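Q: Quick one: structure below, then a few questions.
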Amino acid sequence: MTRVFDDEGNVIPVTVVSAGPCVVVQRKTAETDGYEAIQLGYEEKKRNRVNQPMTGHFASLNVAPQKTVREFGLVGDEELNPGDTVTVEMFEEGQIVDVSGVSKGRGFTGVMKRYDFKGGPASHGSKVHRQPMSAGATDAQRVFKGQRMPGRMGGVKCTVKAQRVVKVDAERNVLLIRGAVPGPNGGLVTILSRA
């Protein structure tokens, strides 16, 4: 993340996202597959690092092997064919987008970090400082499903909706998106335009 200034001198917090170029790997049509979609590939990969099924998939479409392949449904009648390139030029400044990614994994955490519990008394020898206290079951003699307890935190797909594109740098294939996006530095995100 960094910050930029608008014309009036106001600070705008932004996340710098390297977006593309992405290569169209496959075009799915209603006649052959039953629905309209495209497969996009991001970052080329060495041929000897690709397994046999994916090697055949890329070779049959005359596309270089890609590290990441994702499928996106088509809404309009975009003319995208295998081998075409999708760049940041499809975005405009001021456009509203949804950004999806995998949140940072925090590992096994307690309830104070995971659910913002306040903890027990801090003095007079209580010895219960960060524990979740009672599980609450006095009659059923079991712990109910969904009970907030210690466990793994983060590492799940999440989406930040209605973020504004502040700047598009077509030369460097970079988008500046207002606010934070999910995931660690260098993580993979999906940017979808809101219709």
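We name chains A, B, ... following the order of the structure tokens; residues begin at 1 in each chain, and ligands are numbered from 1 as shown.
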I'd like a table as JSON lines: residues in segment 15-49 of chain A with an atom no more than 12 Å from segment 63-70 of chain A, each row giving the shortest atom pair and its distance in Å to one decimal, only C-alpha atoms counted, sorted by chain and rising residue number.

A:
```
{"residue": "A:Gly20", "atom": "CA", "partner": "A:Thr68", "partner_atom": "CA", "distance": 11.4}
{"residue": "A:Pro21", "atom": "CA", "partner": "A:Gln66", "partner_atom": "CA", "distance": 11.6}
{"residue": "A:Cys22", "atom": "CA", "partner": "A:Gln66", "partner_atom": "CA", "distance": 9.3}
{"residue": "A:Val23", "atom": "CA", "partner": "A:Val63", "partner_atom": "CA", "distance": 8.2}
{"residue": "A:Val24", "atom": "CA", "partner": "A:Val63", "partner_atom": "CA", "distance": 8.4}
{"residue": "A:Val25", "atom": "CA", "partner": "A:Val63", "partner_atom": "CA", "distance": 6.3}
{"residue": "A:Gln26", "atom": "CA", "partner": "A:Val63", "partner_atom": "CA", "distance": 9.0}
{"residue": "A:Arg27", "atom": "CA", "partner": "A:Arg70", "partner_atom": "CA", "distance": 11.9}
{"residue": "A:Ala37", "atom": "CA", "partner": "A:Arg70", "partner_atom": "CA", "distance": 10.3}
{"residue": "A:Ile38", "atom": "CA", "partner": "A:Arg70", "partner_atom": "CA", "distance": 8.4}
{"residue": "A:Gln39", "atom": "CA", "partner": "A:Arg70", "partner_atom": "CA", "distance": 5.5}
{"residue": "A:Leu40", "atom": "CA", "partner": "A:Arg70", "partner_atom": "CA", "distance": 5.4}
{"residue": "A:Gly41", "atom": "CA", "partner": "A:Val69", "partner_atom": "CA", "distance": 4.4}
{"residue": "A:Tyr42", "atom": "CA", "partner": "A:Thr68", "partner_atom": "CA", "distance": 5.2}
{"residue": "A:Glu43", "atom": "CA", "partner": "A:Lys67", "partner_atom": "CA", "distance": 5.5}
{"residue": "A:Glu44", "atom": "CA", "partner": "A:Gln66", "partner_atom": "CA", "distance": 4.4}
{"residue": "A:Lys45", "atom": "CA", "partner": "A:Gln66", "partner_atom": "CA", "distance": 5.1}
{"residue": "A:Lys46", "atom": "CA", "partner": "A:Pro65", "partner_atom": "CA", "distance": 7.0}
{"residue": "A:Arg47", "atom": "CA", "partner": "A:Pro65", "partner_atom": "CA", "distance": 6.4}
{"residue": "A:Asn48", "atom": "CA", "partner": "A:Pro65", "partner_atom": "CA", "distance": 9.7}
{"residue": "A:Arg49", "atom": "CA", "partner": "A:Pro65", "partner_atom": "CA", "distance": 9.0}
```

Q: Could you name the residues that touch segment 121-135 of chain A at 10 Å or less, counting only C-alpha atoms, but leaving out those on the same chain fewer than 4 positions away, as a list in words?

A: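 Once the nearby chain positions are removed, what remains is Gly110, Val111, Met112, Lys113, Phe117, Arg142, Val143, Phe144, Gln147, Arg148, Met149 and Pro150 of chain A.
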
Q: Could you pull out the residues in segment 85-183 of chain A that DSSP calls strand (DSSP E) from the backbone, as number ranges by chain?

A: A: 85-86, 96-102, 107-109, 151-153, 157-169, 174-178

Q: Could you save the residues just selected, with C-alpha atoms, as a compact mmCIF listing (two decimals), in the first residue's frame?

A:
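Below you can see out.txt, which holds the result:
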```
# COMPACT_ATOMS: atom_id res chain seq x y z
CA THR A 85 -4.12 -10.37 -24.43
CA VAL A 86 -6.17 -8.64 -21.72
CA ILE A 96 -15.90 0.64 -9.26
CA VAL A 97 -14.49 -2.90 -8.90
CA ASP A 98 -14.68 -5.91 -6.57
CA VAL A 99 -11.34 -7.39 -5.46
CA SER A 100 -11.16 -11.03 -4.29
CA GLY A 101 -8.23 -12.85 -2.74
CA VAL A 102 -7.17 -15.23 0.01
CA GLY A 107 -2.58 -19.88 12.12
CA PHE A 108 -4.13 -21.30 15.30
CA THR A 109 -5.26 -18.34 17.42
CA GLY A 151 -8.96 -22.29 16.04
CA ARG A 152 -7.49 -21.45 12.68
CA MET A 153 -7.90 -17.86 11.59
CA LYS A 157 -11.30 -16.35 0.24
CA CYS A 158 -12.76 -12.93 0.87
CA THR A 159 -13.95 -10.08 -1.32
CA VAL A 160 -13.67 -6.34 -0.79
CA LYS A 161 -16.55 -4.80 -2.70
CA ALA A 162 -17.03 -1.41 -4.36
CA GLN A 163 -13.42 -0.25 -4.46
CA ARG A 164 -12.60 2.67 -6.77
CA VAL A 165 -9.82 2.58 -9.36
CA VAL A 166 -7.77 5.71 -8.66
CA LYS A 167 -5.23 5.41 -11.50
CA VAL A 168 -4.46 3.15 -14.46
CA ASP A 169 -0.82 2.90 -15.59
CA VAL A 174 -0.40 -1.30 -12.77
CA LEU A 175 -3.71 -0.37 -11.13
CA LEU A 176 -4.01 1.88 -8.09
CA ILE A 177 -7.08 0.78 -6.12
CA ARG A 178 -8.40 2.85 -3.24
```

Q: Which of these residues is nearest to Gly187 of chain A, using only C-alpha atoms: A:Gly119, A:Gly56, A:Gly155, A:Gly34?

A: A:Gly155

Q: According to DSSP computed on the backbone, where in chain A is there helix (DSSP H, G or I)? Give the residues as a list in words.

A: Arg47, Asn48, Arg49, Gln52, Pro53, Met54, Thr55, Gly56, His57, Phe58, Ala59, Ser60, Val88, Glu89, Met90, Val111, Met112, Lys113, Arg114 and Tyr115 of chain A

Q: Using only C-alpha atoms, determine which residues lie at most 7 Å from Gly154 of chain A, disregarding the query and same-chain residues fewer than 2 positions distant; provide the list as a PyMOL selection string.

A: chain A and resi 103-106+152+156

Q: Can those selected residues be exported to a file as a PDB file, in the first residue's frame so that it contains N, CA and C atoms?

A:
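Wrote out04.pdb, looks like this:
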```
ATOM      1  N   SER A 103      -7.245 -14.261   2.232  1.00  0.00           N
ATOM      2  CA  SER A 103      -6.758 -13.427   3.332  1.00  0.00           C
ATOM      3  C   SER A 103      -5.517 -14.030   3.966  1.00  0.00           C
ATOM      4  N   LYS A 104      -4.775 -13.215   4.677  1.00  0.00           N
ATOM      5  CA  LYS A 104      -3.553 -13.677   5.335  1.00  0.00           C
ATOM      6  C   LYS A 104      -3.900 -14.754   6.360  1.00  0.00           C
ATOM      7  N   GLY A 105      -3.181 -15.852   6.335  1.00  0.00           N
ATOM      8  CA  GLY A 105      -3.389 -16.916   7.319  1.00  0.00           C
ATOM      9  C   GLY A 105      -2.722 -16.551   8.630  1.00  0.00           C
ATOM     10  N   ARG A 106      -3.463 -16.611   9.722  1.00  0.00           N
ATOM     11  CA  ARG A 106      -2.923 -16.259  11.039  1.00  0.00           C
ATOM     12  C   ARG A 106      -2.579 -17.487  11.873  1.00  0.00           C
ATOM     13  N   ARG A 152      -8.222 -22.075  13.773  1.00  0.00           N
ATOM     14  CA  ARG A 152      -7.486 -21.445  12.678  1.00  0.00           C
ATOM     15  C   ARG A 152      -8.185 -20.172  12.224  1.00  0.00           C
ATOM     16  N   VAL A 156      -8.755 -17.691   4.114  1.00  0.00           N
ATOM     17  CA  VAL A 156      -9.998 -17.999   3.414  1.00  0.00           C
ATOM     18  C   VAL A 156     -10.234 -16.948   2.331  1.00  0.00           C
TER      19      VAL A 156
END
```
